[in-house]
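So this one's structure_23.pdb, PDB, N, CA and C atoms and all ligand atoms:
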```pdb
ATOM      1  N   MET A 176      10.885 131.653 -95.355
ATOM      2  CA  MET A 176      10.265 132.536 -94.378
ATOM      3  C   MET A 176      10.786 133.958 -94.519
ATOM      4  N   VAL A 177       9.917 134.887 -94.355
ATOM      5  CA  VAL A 177      10.305 136.285 -94.433
ATOM      6  C   VAL A 177      10.642 136.801 -93.041
ATOM      7  N   SER A 178      11.763 137.471 -92.951
ATOM      8  CA  SER A 178      12.147 138.045 -91.669
ATOM      9  C   SER A 178      11.536 139.425 -91.543
ATOM     10  N   ARG A 179      10.709 139.581 -90.566
ATOM     11  CA  ARG A 179      10.055 140.885 -90.436
ATOM     12  C   ARG A 179       9.906 141.348 -89.004
ATOM     13  N   TYR A 180      10.636 140.710 -88.124
ATOM     14  CA  TYR A 180      10.605 141.176 -86.740
ATOM     15  C   TYR A 180      11.989 141.664 -86.351
ATOM     16  N   LYS A 181      12.012 142.733 -85.627
ATOM     17  CA  LYS A 181      13.286 143.358 -85.273
ATOM     18  C   LYS A 181      14.070 142.546 -84.262
ATOM     19  N   CYS A 182      15.339 142.426 -84.520
ATOM     20  CA  CYS A 182      16.247 141.894 -83.523
ATOM     21  C   CYS A 182      16.283 142.893 -82.368
ATOM     22  N   PRO A 183      16.198 142.396 -81.128
ATOM     23  CA  PRO A 183      16.226 143.321 -79.986
ATOM     24  C   PRO A 183      17.588 143.956 -79.793
ATOM     25  N   CYS A 184      18.574 143.416 -80.449
ATOM     26  CA  CYS A 184      19.937 143.889 -80.251
ATOM     27  C   CYS A 184      20.344 144.913 -81.310
ATOM     28  N   CYS A 185      20.213 144.566 -82.574
ATOM     29  CA  CYS A 185      20.725 145.445 -83.624
ATOM     30  C   CYS A 185      19.613 146.156 -84.392
ATOM     31  N   ASP A 186      18.356 145.783 -84.125
ATOM     32  CA  ASP A 186      17.210 146.420 -84.775
ATOM     33  C   ASP A 186      17.076 146.129 -86.265
ATOM     34  N   TYR A 187      17.849 145.161 -86.740
ATOM     35  CA  TYR A 187      17.618 144.707 -88.107
ATOM     36  C   TYR A 187      16.448 143.726 -88.097
ATOM     37  N   TYR A 188      15.757 143.644 -89.199
ATOM     38  CA  TYR A 188      14.624 142.730 -89.266
ATOM     39  C   TYR A 188      15.113 141.335 -89.647
ATOM     40  N   THR A 189      15.661 140.672 -88.682
ATOM     41  CA  THR A 189      16.256 139.362 -88.945
ATOM     42  C   THR A 189      15.411 138.214 -88.421
ATOM     43  N   TYR A 190      14.369 138.515 -87.671
ATOM     44  CA  TYR A 190      13.578 137.455 -87.055
ATOM     45  C   TYR A 190      12.351 137.103 -87.885
ATOM     46  N   PRO A 191      12.177 135.818 -88.165
ATOM     47  CA  PRO A 191      11.005 135.377 -88.925
ATOM     48  C   PRO A 191       9.749 135.313 -88.068
ATOM     49  N   VAL A 192       9.905 135.247 -86.775
ATOM     50  CA  VAL A 192       8.770 135.196 -85.845
ATOM     51  C   VAL A 192       9.056 136.178 -84.719
ATOM     52  N   PRO A 193       8.028 136.548 -83.966
ATOM     53  CA  PRO A 193       8.269 137.472 -82.844
ATOM     54  C   PRO A 193       9.355 136.933 -81.910
ATOM     55  N   THR A 194      10.128 137.834 -81.364
ATOM     56  CA  THR A 194      11.287 137.420 -80.576
ATOM     57  C   THR A 194      10.911 136.503 -79.421
ATOM     58  N   LYS A 195       9.754 136.702 -78.846
ATOM     59  CA  LYS A 195       9.388 135.848 -77.710
ATOM     60  C   LYS A 195       9.089 134.417 -78.156
ATOM     61  N   GLU A 196       8.891 134.229 -79.439
ATOM     62  CA  GLU A 196       8.659 132.876 -79.964
ATOM     63  C   GLU A 196       9.914 132.275 -80.576
ATOM     64  N   ALA A 197      10.857 133.130 -80.892
ATOM     65  CA  ALA A 197      12.070 132.672 -81.581
ATOM     66  C   ALA A 197      13.159 132.297 -80.585
ATOM     67  N   VAL A 198      12.820 131.399 -79.688
ATOM     68  CA  VAL A 198      13.782 131.005 -78.663
ATOM     69  C   VAL A 198      14.970 130.284 -79.303
ATOM     70  N   GLY A 199      16.142 130.769 -78.994
ATOM     71  CA  GLY A 199      17.345 130.127 -79.507
ATOM     72  C   GLY A 199      17.759 130.632 -80.881
ATOM     73  N   PHE A 200      16.963 131.493 -81.454
ATOM     74  CA  PHE A 200      17.325 132.028 -82.759
ATOM     75  C   PHE A 200      18.541 132.936 -82.615
ATOM     76  N   ILE A 201      19.511 132.755 -83.487
ATOM     77  CA  ILE A 201      20.697 133.597 -83.438
ATOM     78  C   ILE A 201      20.657 134.574 -84.602
ATOM     79  N   CYS A 202      20.689 135.836 -84.252
ATOM     80  CA  CYS A 202      20.646 136.884 -85.267
ATOM     81  C   CYS A 202      21.882 136.785 -86.158
ATOM     82  N   PRO A 203      21.705 136.722 -87.463
ATOM     83  CA  PRO A 203      22.848 136.622 -88.369
ATOM     84  C   PRO A 203      23.622 137.925 -88.504
ATOM     85  N   VAL A 204      23.063 138.989 -87.997
ATOM     86  CA  VAL A 204      23.731 140.285 -88.105
ATOM     87  C   VAL A 204      24.666 140.533 -86.929
ATOM     88  N   CYS A 205      24.147 140.321 -85.720
ATOM     89  CA  CYS A 205      24.931 140.691 -84.535
ATOM     90  C   CYS A 205      25.265 139.493 -83.655
ATOM     91  N   PHE A 206      24.787 138.305 -84.030
ATOM     92  CA  PHE A 206      25.024 137.065 -83.272
ATOM     93  C   PHE A 206      24.356 137.044 -81.915
ATOM     94  N   TRP A 207      23.410 137.913 -81.707
ATOM     95  CA  TRP A 207      22.627 137.877 -80.492
ATOM     96  C   TRP A 207      21.766 136.620 -80.523
ATOM     97  N   GLU A 208      21.884 135.817 -79.499
ATOM     98  CA  GLU A 208      21.023 134.644 -79.398
ATOM     99  C   GLU A 208      19.807 135.009 -78.590
ATOM    100  N   ASN A 209      18.663 134.863 -79.200
ATOM    101  CA  ASN A 209      17.441 135.224 -78.514
ATOM    102  C   ASN A 209      17.116 134.216 -77.432
ATOM    103  N   GLU A 210      17.159 134.686 -76.225
ATOM    104  CA  GLU A 210      16.953 133.825 -75.068
ATOM    105  C   GLU A 210      16.166 134.629 -74.042
ATOM    106  N   PRO A 211      14.905 134.251 -73.829
ATOM    107  CA  PRO A 211      14.051 135.033 -72.936
ATOM    108  C   PRO A 211      14.607 135.150 -71.518
ATOM    109  N   SER A 212      15.351 134.163 -71.081
ATOM    110  CA  SER A 212      15.953 134.280 -69.753
ATOM    111  C   SER A 212      17.163 135.202 -69.833
ATOM    112  N   ASP A 213      17.771 135.453 -68.710
ATOM    113  CA  ASP A 213      18.923 136.350 -68.696
ATOM    114  C   ASP A 213      20.181 135.708 -69.241
ATOM    115  N   CYS A 214      20.179 134.396 -69.291
ATOM    116  CA  CYS A 214      21.394 133.695 -69.705
ATOM    117  C   CYS A 214      21.526 133.687 -71.224
ATOM    118  N   ASN A 215      22.584 134.234 -71.704
ATOM    119  CA  ASN A 215      22.825 134.237 -73.150
ATOM    120  C   ASN A 215      24.270 133.855 -73.410
ATOM    121  N   HIS A 216      24.665 132.759 -72.826
ATOM    122  CA  HIS A 216      26.041 132.279 -72.966
ATOM    123  C   HIS A 216      27.040 133.370 -72.592
ATOM    124  N   GLY A 217      26.663 134.196 -71.662
ATOM    125  CA  GLY A 217      27.576 135.233 -71.202
ATOM    126  C   GLY A 217      27.623 136.441 -72.114
ATOM    127  N   LEU A 218      26.900 136.355 -73.208
ATOM    128  CA  LEU A 218      26.901 137.482 -74.139
ATOM    129  C   LEU A 218      25.806 138.464 -73.740
ATOM    130  N   THR A 219      26.178 139.630 -73.339
ATOM    131  CA  THR A 219      25.176 140.632 -72.995
ATOM    132  C   THR A 219      24.717 141.348 -74.253
ATOM    133  N   ILE A 220      23.616 142.019 -74.132
ATOM    134  CA  ILE A 220      23.102 142.726 -75.307
ATOM    135  C   ILE A 220      24.083 143.811 -75.756
ATOM    136  N   LEU A 221      24.824 144.344 -74.804
ATOM    137  CA  LEU A 221      25.810 145.353 -75.190
ATOM    138  C   LEU A 221      26.957 144.725 -75.974
ATOM    139  N   GLU A 222      27.351 143.543 -75.557
ATOM    140  CA  GLU A 222      28.397 142.848 -76.310
ATOM    141  C   GLU A 222      27.892 142.470 -77.692
ATOM    142  N   GLY A 223      26.625 142.110 -77.735
ATOM    143  CA  GLY A 223      26.032 141.807 -79.028
ATOM    144  C   GLY A 223      26.077 143.025 -79.932
ATOM    145  N   ARG A 224      25.813 144.160 -79.344
ATOM    146  CA  ARG A 224      25.856 145.389 -80.137
ATOM    147  C   ARG A 224      27.272 145.678 -80.618
ATOM    148  N   SER A 225      28.250 145.363 -79.782
ATOM    149  CA  SER A 225      29.617 145.607 -80.235
ATOM    150  C   SER A 225      29.988 144.622 -81.331
ATOM    151  N   ASN A 226      29.461 143.384 -81.260
ATOM    152  CA  ASN A 226      29.665 142.446 -82.369
ATOM    153  C   ASN A 226      29.087 143.028 -83.645
ATOM    154  N   TYR A 227      27.936 143.589 -83.479
ATOM    155  CA  TYR A 227      27.248 144.165 -84.624
ATOM    156  C   TYR A 227      28.103 145.257 -85.260
ATOM    157  N   LYS A 228      28.699 146.080 -84.430
ATOM    158  CA  LYS A 228      29.588 147.113 -84.965
ATOM    159  C   LYS A 228      30.783 146.476 -85.670
ATOM    160  N   LYS A 229      31.322 145.467 -85.032
ATOM    161  CA  LYS A 229      32.517 144.815 -85.550
ATOM    162  C   LYS A 229      32.266 144.180 -86.912
ATOM    163  N   TYR A 230      31.084 143.589 -87.058
ATOM    164  CA  TYR A 230      30.807 142.851 -88.287
ATOM    165  C   TYR A 230      29.857 143.596 -89.222
ATOM    166  N   GLU A 231      29.711 144.840 -88.916
ATOM    167  CA  GLU A 231      28.779 145.668 -89.682
ATOM    168  C   GLU A 231      29.061 145.590 -91.173
ATOM    169  N   ILE A 232      30.308 145.441 -91.504
ATOM    170  CA  ILE A 232      30.740 145.484 -92.898
ATOM    171  C   ILE A 232      30.061 144.409 -93.753
ATOM    172  N   TRP A 233      29.721 143.266 -93.159
ATOM    173  CA  TRP A 233      29.060 142.257 -93.986
ATOM    174  C   TRP A 233      27.576 142.166 -93.723
ATOM    175  N   CYS A 234      27.026 143.185 -93.103
ATOM    176  CA  CYS A 234      25.588 143.229 -92.920
ATOM    177  C   CYS A 234      24.932 143.699 -94.209
ATOM    178  N   LEU A 235      24.337 142.799 -94.907
ATOM    179  CA  LEU A 235      23.580 143.151 -96.105
ATOM    180  C   LEU A 235      24.368 144.064 -97.034
TER     181      LEU A 235
HETATM  182 ZN    ZN B   1      20.751 141.390 -84.270
END
```
As structure tokens - that is how I would like this structure written.
Ligand SMILES: [Zn+2]
Amino acid sequence: MVSRYKCPCCDYYTYPVPTKEAVGFICPVCFWENEPSDCNHGLTILEGRSNYKKYEIWCL
């Protein structure tokens, strides 16, 4: 599958399907788990962004 939809967290094209369909998909770049509800295992989108910064070095 080709990833061509933007992660809502890091804006990398890591999603193979639109985010609203990719329930439970975990972005390999920032570890944001796509969850349409507010619950994301306590991980906020801002924390996801900080993960992204932290692990930026192995992003592609
Ligand atoms: Zn991401």
Give me, as JSON lines, the closest atom pair and its distance (Å, one decimal) for every residue of chain A within a cut-off of 6 Å of ligand ZN 1 (chain B), counting all atoms listed in the file, rows sorted by chain and rising number.
```
{"residue": "A:Cys182", "atom": "CA", "partner": "B:ZN1", "partner_atom": "ZN", "distance": 4.6}
{"residue": "A:Pro183", "atom": "N", "partner": "B:ZN1", "partner_atom": "ZN", "distance": 5.6}
{"residue": "A:Cys184", "atom": "C", "partner": "B:ZN1", "partner_atom": "ZN", "distance": 4.6}
{"residue": "A:Cys185", "atom": "N", "partner": "B:ZN1", "partner_atom": "ZN", "distance": 3.6}
{"residue": "A:Asp186", "atom": "N", "partner": "B:ZN1", "partner_atom": "ZN", "distance": 5.0}
{"residue": "A:Tyr187", "atom": "N", "partner": "B:ZN1", "partner_atom": "ZN", "distance": 5.4}
{"residue": "A:Cys202", "atom": "CA", "partner": "B:ZN1", "partner_atom": "ZN", "distance": 4.6}
{"residue": "A:Pro203", "atom": "N", "partner": "B:ZN1", "partner_atom": "ZN", "distance": 5.7}
{"residue": "A:Val204", "atom": "C", "partner": "B:ZN1", "partner_atom": "ZN", "distance": 4.8}
{"residue": "A:Cys205", "atom": "N", "partner": "B:ZN1", "partner_atom": "ZN", "distance": 3.8}
{"residue": "A:Phe206", "atom": "N", "partner": "B:ZN1", "partner_atom": "ZN", "distance": 5.1}
{"residue": "A:Trp207", "atom": "N", "partner": "B:ZN1", "partner_atom": "ZN", "distance": 5.1}
```
Using only N, CA and C atoms, please write the residues we just selected to a file, as a CSV table (one decimal), keeping the file's coordinate frame.
```csv
chain,number,residue,atom,x,y,z
A,182,CYS,N,15.3,142.4,-84.5
A,182,CYS,CA,16.2,141.9,-83.5
A,182,CYS,C,16.3,142.9,-82.4
A,183,PRO,N,16.2,142.4,-81.1
A,183,PRO,CA,16.2,143.3,-80.0
A,183,PRO,C,17.6,144.0,-79.8
A,184,CYS,N,18.6,143.4,-80.4
A,184,CYS,CA,19.9,143.9,-80.3
A,184,CYS,C,20.3,144.9,-81.3
A,185,CYS,N,20.2,144.6,-82.6
A,185,CYS,CA,20.7,145.4,-83.6
A,185,CYS,C,19.6,146.2,-84.4
A,186,ASP,N,18.4,145.8,-84.1
A,186,ASP,CA,17.2,146.4,-84.8
A,186,ASP,C,17.1,146.1,-86.3
A,187,TYR,N,17.8,145.2,-86.7
A,187,TYR,CA,17.6,144.7,-88.1
A,187,TYR,C,16.4,143.7,-88.1
A,202,CYS,N,20.7,135.8,-84.3
A,202,CYS,CA,20.6,136.9,-85.3
A,202,CYS,C,21.9,136.8,-86.2
A,203,PRO,N,21.7,136.7,-87.5
A,203,PRO,CA,22.8,136.6,-88.4
A,203,PRO,C,23.6,137.9,-88.5
A,204,VAL,N,23.1,139.0,-88.0
A,204,VAL,CA,23.7,140.3,-88.1
A,204,VAL,C,24.7,140.5,-86.9
A,205,CYS,N,24.1,140.3,-85.7
A,205,CYS,CA,24.9,140.7,-84.5
A,205,CYS,C,25.3,139.5,-83.7
A,206,PHE,N,24.8,138.3,-84.0
A,206,PHE,CA,25.0,137.1,-83.3
A,206,PHE,C,24.4,137.0,-81.9
A,207,TRP,N,23.4,137.9,-81.7
A,207,TRP,CA,22.6,137.9,-80.5
A,207,TRP,C,21.8,136.6,-80.5
```
* Structure fact -> Atom pair atom CA of Ser178 of chain A + atom CA of Arg224 of chain A, distance 19.4 Å
Put a box with edges along x, y and z around all the listed atoms of segment 177-191 of chain A, pad it by 8 Å on each side, then give me its centre and sizes in Å, one decimal, as AutoDock Vina command-line options.
```
--center_x 15.2 --center_y 140.7 --center_z -87.1 --size_x 27.0 --size_y 27.5 --size_z 30.6
```
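Between atom N of Arg179 of chain A and atom N of Val192 of chain A the interatomic distance comes to 5.8 Å.
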* Asked: atom CA of Ser225 of chain A to atom N of Ala197 of chain A: how many Å, to one decimal?
  -> 22.5 Å
* Hits from the PyMOL selection byres (((chain A and resi 194) around 8) and not hetatm), listed as a ChimeraX atom specification -> /A:180-183,190-193,195-199,209-211
